Amino acid sequence: MGLIPIDGELGEGGGQILRSALTLAMVTGQGFEATRIRARRSRPGLRPQHLAAVRAAAMGCGAEVHGAFDGSPDLRFQPGAVTAGTFDFDIGTAGATTLVLQTVLPALATAAEPSRLAICGGTHVPLSPSFHFVARHWTPMVERLGLRPRVELERAGFAPRGGGRVRAEVSPWARSVGLDLTRRGPLREIRGLSAAGRLKGDVAHRQADAARALLWEQRRLESSWEVLEMPSASPGSCLQLEGVFETGRAAFAVLGRRGVRAEVLGERTARQLLLFLDDEEACVDPWVADQLAVPLALAGGGGRLTTSKVTLHLETVADVLRRFGTPASTWGRRGGPGGLEIERV
């Protein structure tokens with residue numbers, strides 16, 4: 001069987017193409033050759049966080065790999081059989097530990113025995129799902145597919161220093177499950193998490209109080225909150241609001257930024273949730289939509305989801321799925337409401 005060609009400038013042209021291909025290669029046994037990896041980025045080629053995902057995937061399936069070095073524009077990945085085990089990885093930078101987890105956990109779950117992982121790096125970094133997004137939002141969603149990862153934060157690591165550490169465990173996955181996320185149903189609960197580490201000024205409480213107040217003032221919406229001071233290797237804060245519906249679920253998260261007041265972050269996150277509530281056709285938020293695509297395909301039962309915004313990321317992962325033989329399509333205008341459909345295989 002020949003290698004599947006993947007152009008690194010496909011769609012959004014970033015690391016998601018590579019991570020999706022790694023997961024699919026591990027499970028399907030189909031190798032791929034990626035070229036022009038991240039060619040449009042200011043620092044093109046493989047970066048440490050991408051190399052960590054490649055090495056983690058390779059260890060999980062005994063893959064033959066060529067081109068796995070810093071800055072490499074091309075990669076060949078020929079997988080072997082997925083094998084359960086205990087793995088410990090260090091990204092070496094503030095690269096997102098969560099993206100490595102999302103790459104290898106679904107594949108390792110197809111093995112006959114449980115696997116355990118520990119990863120050092122960034123746990124709350126820009127342009128990536130935070131640890132809490134994965135633990136509180138992505139994990140409950142993939143559990144509906146029968147995939148049951150357990151994740152634990154040992155210490156937080158904020159950009160640019162990183163230094164965080166996460167642990168995860170995943171059990172064998174009984175697949176052949178479908179999922180319909182096209183009607184969200186009534187709103188059941190609004191949950192909030194506000195957390196900070198190594199910061200002064202009661203930042204976590206101030207973020208939460210601002211978000212709670214705006215939700216009440218604008219719509220008379222009650223919200224329940226968990227406010228945490230986290231063990232952390234570097235200073236930072238995060239805030240996440242979740243809308244839990246009868247069927248659907250949406251989460252909106254921000255990270256603290258130097259020069260931006262905690263109250264501004266709280267209000268900004270609350271407004272994102274309020275906008276989602278206005279779109280009654282959307283079942284899930286745009287970020288978890290593309291993060292669910294590969295697990296939904298691997299589950300084997302097919303499914304559909306609607307989201308408030310069709311992103312280039314969602315279109316890209318659907319394209320990668322098709323290259324690996326899974327019928328997947330999106331609908332709706334990019335930047336507007338729409339959805340994803342994956343056929344049963």
# chains A, B, ... in the order shown; residues from 1 in each chain; ligands from 1

$ residues_around --residues "segment 204-221 of chain A" --least-positions-apart "5" --cutoff "6 Å" --atoms "only C-alpha atoms" --output "PyMOL selection string"
chain A and resi 194-196+262-263+266-267+270

$ residues_around --residues "segment 337-341 of chain A" --least-positions-apart "4" --cutoff "6 Å" --atoms "only C-alpha atoms" --output "list in words"
Gly303, Arg304, Leu305, Thr306, Thr307, Ser308, Lys309, Val310, Ala328, Ser329, Thr330, Trp331 and Gly332 of chain A

$ write_last_selection --atoms "N, CA and C atoms" --output "compact mmCIF listing (two decimals), in the first residue's frame"
# COMPACT_ATOMS: atom_id res chain seq x y z
N GLY A 303 -22.04 10.14 12.03
CA GLY A 303 -22.72 11.14 12.83
C GLY A 303 -22.75 12.50 12.17
N ARG A 304 -23.47 13.40 12.80
CA ARG A 304 -23.61 14.77 12.33
C ARG A 304 -23.53 15.72 13.51
N LEU A 305 -23.04 16.93 13.24
CA LEU A 305 -23.06 17.97 14.26
C LEU A 305 -23.31 19.31 13.60
N THR A 306 -23.92 20.20 14.34
CA THR A 306 -24.08 21.58 13.90
C THR A 306 -23.30 22.48 14.82
N THR A 307 -22.77 23.55 14.26
CA THR A 307 -21.94 24.47 15.03
C THR A 307 -22.26 25.91 14.64
N SER A 308 -21.91 26.82 15.51
CA SER A 308 -22.20 28.24 15.29
C SER A 308 -21.29 28.87 14.24
N LYS A 309 -20.15 28.23 13.95
CA LYS A 309 -19.23 28.78 12.96
C LYS A 309 -18.46 27.65 12.28
N VAL A 310 -18.58 27.58 10.97
CA VAL A 310 -17.77 26.64 10.20
C VAL A 310 -16.39 27.27 10.02
N ALA A 328 -16.46 12.29 4.64
CA ALA A 328 -16.73 13.40 5.57
C ALA A 328 -16.98 14.66 4.76
N SER A 329 -17.94 15.46 5.19
CA SER A 329 -18.26 16.69 4.48
C SER A 329 -18.75 17.75 5.45
N THR A 330 -18.56 18.99 5.09
CA THR A 330 -19.09 20.10 5.87
C THR A 330 -20.14 20.82 5.05
N TRP A 331 -20.98 21.57 5.73
CA TRP A 331 -21.92 22.42 5.03
C TRP A 331 -22.00 23.76 5.75
N GLY A 332 -22.49 24.75 5.03
CA GLY A 332 -22.56 26.10 5.58
C GLY A 332 -21.41 26.95 5.08

$ select_by_dssp --residues "segment 119-294 of chain A" --states "strand (DSSP E or B)" --output "count of residues only"
62

$ residues_around --residues "Arg175 of chain A" --least-positions-apart "2" --cutoff "6 Å" --atoms "only C-alpha atoms" --output "PyMOL selection string"
chain A and resi 173+177+299

$ write_last_selection --atoms "N, CA and C atoms" --output "PDB file, in the first residue's frame"
ATOM      1  N   TRP A 173     -11.221   0.859  23.757  1.00  0.00           N
ATOM      2  CA  TRP A 173     -12.395   1.551  23.223  1.00  0.00           C
ATOM      3  C   TRP A 173     -13.257   0.557  22.443  1.00  0.00           C
ATOM      4  N   VAL A 177     -19.931   3.295  17.379  1.00  0.00           N
ATOM      5  CA  VAL A 177     -20.910   4.170  18.019  1.00  0.00           C
ATOM      6  C   VAL A 177     -21.126   5.387  17.132  1.00  0.00           C
ATOM      7  N   ALA A 299     -14.892   6.250  15.619  1.00  0.00           N
ATOM      8  CA  ALA A 299     -15.926   5.498  16.342  1.00  0.00           C
ATOM      9  C   ALA A 299     -16.676   4.554  15.408  1.00  0.00           C
TER      10      ALA A 299
END

$ residues_around --residues "Ser234 of chain A" --least-positions-apart "6" --cutoff "12 Å" --atoms "only C-alpha atoms" --output "list in words"
Ala94, Gly121, Gly122, Thr123, His124, Val125, Arg155, Ala156, Gly157, Phe158, Ala159, Pro160, Arg161, Gly162, Gly163, Gly164, Arg165, Ala196, Gly197, Arg198 and Leu199 of chain A

$ write_last_selection --atoms "C-alpha atoms" --output "PDB file, in the first residue's frame"
ATOM      1  CA  ALA A  94       5.566  25.723  26.093  1.00  0.00           C
ATOM      2  CA  GLY A 121       5.096  21.432  28.291  1.00  0.00           C
ATOM      3  CA  GLY A 122       2.388  24.064  28.044  1.00  0.00           C
ATOM      4  CA  THR A 123      -1.035  23.357  29.510  1.00  0.00           C
ATOM      5  CA  HIS A 124      -2.631  26.755  28.879  1.00  0.00           C
ATOM      6  CA  VAL A 125      -1.205  28.374  25.744  1.00  0.00           C
ATOM      7  CA  ARG A 155       0.901  21.469  37.467  1.00  0.00           C
ATOM      8  CA  ALA A 156      -0.089  24.216  35.068  1.00  0.00           C
ATOM      9  CA  GLY A 157       2.291  25.672  32.511  1.00  0.00           C
ATOM     10  CA  PHE A 158       1.471  28.993  30.895  1.00  0.00           C
ATOM     11  CA  ALA A 159       3.191  30.504  27.859  1.00  0.00           C
ATOM     12  CA  PRO A 160       5.893  31.506  27.276  1.00  0.00           C
ATOM     13  CA  ARG A 161       7.631  29.491  30.011  1.00  0.00           C
ATOM     14  CA  GLY A 162       5.562  26.305  30.004  1.00  0.00           C
ATOM     15  CA  GLY A 163       6.832  23.761  32.503  1.00  0.00           C
ATOM     16  CA  GLY A 164       3.418  22.201  33.058  1.00  0.00           C
ATOM     17  CA  ARG A 165       2.746  18.507  33.396  1.00  0.00           C
ATOM     18  CA  ALA A 196      -4.880  31.349  38.344  1.00  0.00           C
ATOM     19  CA  GLY A 197      -1.388  30.362  39.342  1.00  0.00           C
ATOM     20  CA  ARG A 198       1.421  32.438  40.812  1.00  0.00           C
ATOM     21  CA  LEU A 199      -0.469  35.736  40.393  1.00  0.00           C
TER      22      LEU A 199
END

$ closest_residue --among "A:Gly192, A:Pro231, A:Pro140, A:Gly248" --to "Cys283 of chain A" --atoms "only C-alpha atoms"
A:Gly248

$ atom_distance --atom1 "atom CA of Lys200 of chain A" --atom2 "atom CA of Glu222 of chain A"
27.7 Å

$ atom_distance --atom1 "atom CA of Thr247 of chain A" --atom2 "atom CA of Arg184 of chain A"
4.6 Å

$ select_by_dssp --residues "segment 71-307 of chain A" --states "alpha helix (DSSP H)" --output "VMD selection string"
chain A and resid 97 to 108 131 to 133 139 to 143 203 to 219 262 to 278 286 to 299

$ atom_distance --atom1 "atom CA of Asp88 of chain A" --atom2 "atom CA of Val134 of chain A"
18.9 Å

$ closest_residue --among "A:Glu226, A:Asp90, A:Glu154, A:Asp7" --to "Ala21 of chain A" --atoms "only C-alpha atoms"
A:Asp7

$ closest_residue --among "A:Leu10, A:Leu18, A:Ala135, A:Ala111" --to "Ala174 of chain A" --atoms "only C-alpha atoms"
A:Ala111

$ residues_around --residues "Pro186 of chain A" --least-positions-apart "3" --cutoff "10 Å" --atoms "only C-alpha atoms" --output "VMD selection string"
chain A and resid 183 189 244 to 248 280

$ closest_residue --among "A:Gly15, A:Ala168, A:Pro286, A:Val264" --to "Val203 of chain A" --atoms "only C-alpha atoms"
A:Val264

$ residues_around --residues "segment 31-33 of chain A" --least-positions-apart "2" --cutoff "8 Å" --atoms "only C-alpha atoms" --output "ChimeraX atom specification"
/A:2-6,21,25,29,35,74-79

$ write_last_selection --atoms "C-alpha atoms" --output "PDB file, in the first residue's frame"
ATOM      1  CA  GLY A   2       1.449   3.385  -1.026  1.00  0.00           C
ATOM      2  CA  LEU A   3       1.815   6.376   1.227  1.00  0.00           C
ATOM      3  CA  ILE A   4      -1.067   8.867   1.270  1.00  0.00           C
ATOM      4  CA  PRO A   5       0.217  12.228  -0.033  1.00  0.00           C
ATOM      5  CA  ILE A   6      -0.657  15.196   2.166  1.00  0.00           C
ATOM      6  CA  ALA A  21      -2.995  12.369   9.833  1.00  0.00           C
ATOM      7  CA  ALA A  25      -2.440   6.538  10.320  1.00  0.00           C
ATOM      8  CA  GLY A  29      -2.405   1.344   9.347  1.00  0.00           C
ATOM      9  CA  THR A  35       5.226  17.871   2.302  1.00  0.00           C
ATOM     10  CA  ASP A  74       8.554  16.980   5.001  1.00  0.00           C
ATOM     11  CA  LEU A  75       7.648  13.847   6.956  1.00  0.00           C
ATOM     12  CA  ARG A  76       7.102  10.211   6.084  1.00  0.00           C
ATOM     13  CA  PHE A  77       5.208   8.126   8.611  1.00  0.00           C
ATOM     14  CA  GLN A  78       4.679   4.393   8.138  1.00  0.00           C
ATOM     15  CA  PRO A  79       2.783   2.962  11.139  1.00  0.00           C
TER      16      PRO A  79
END
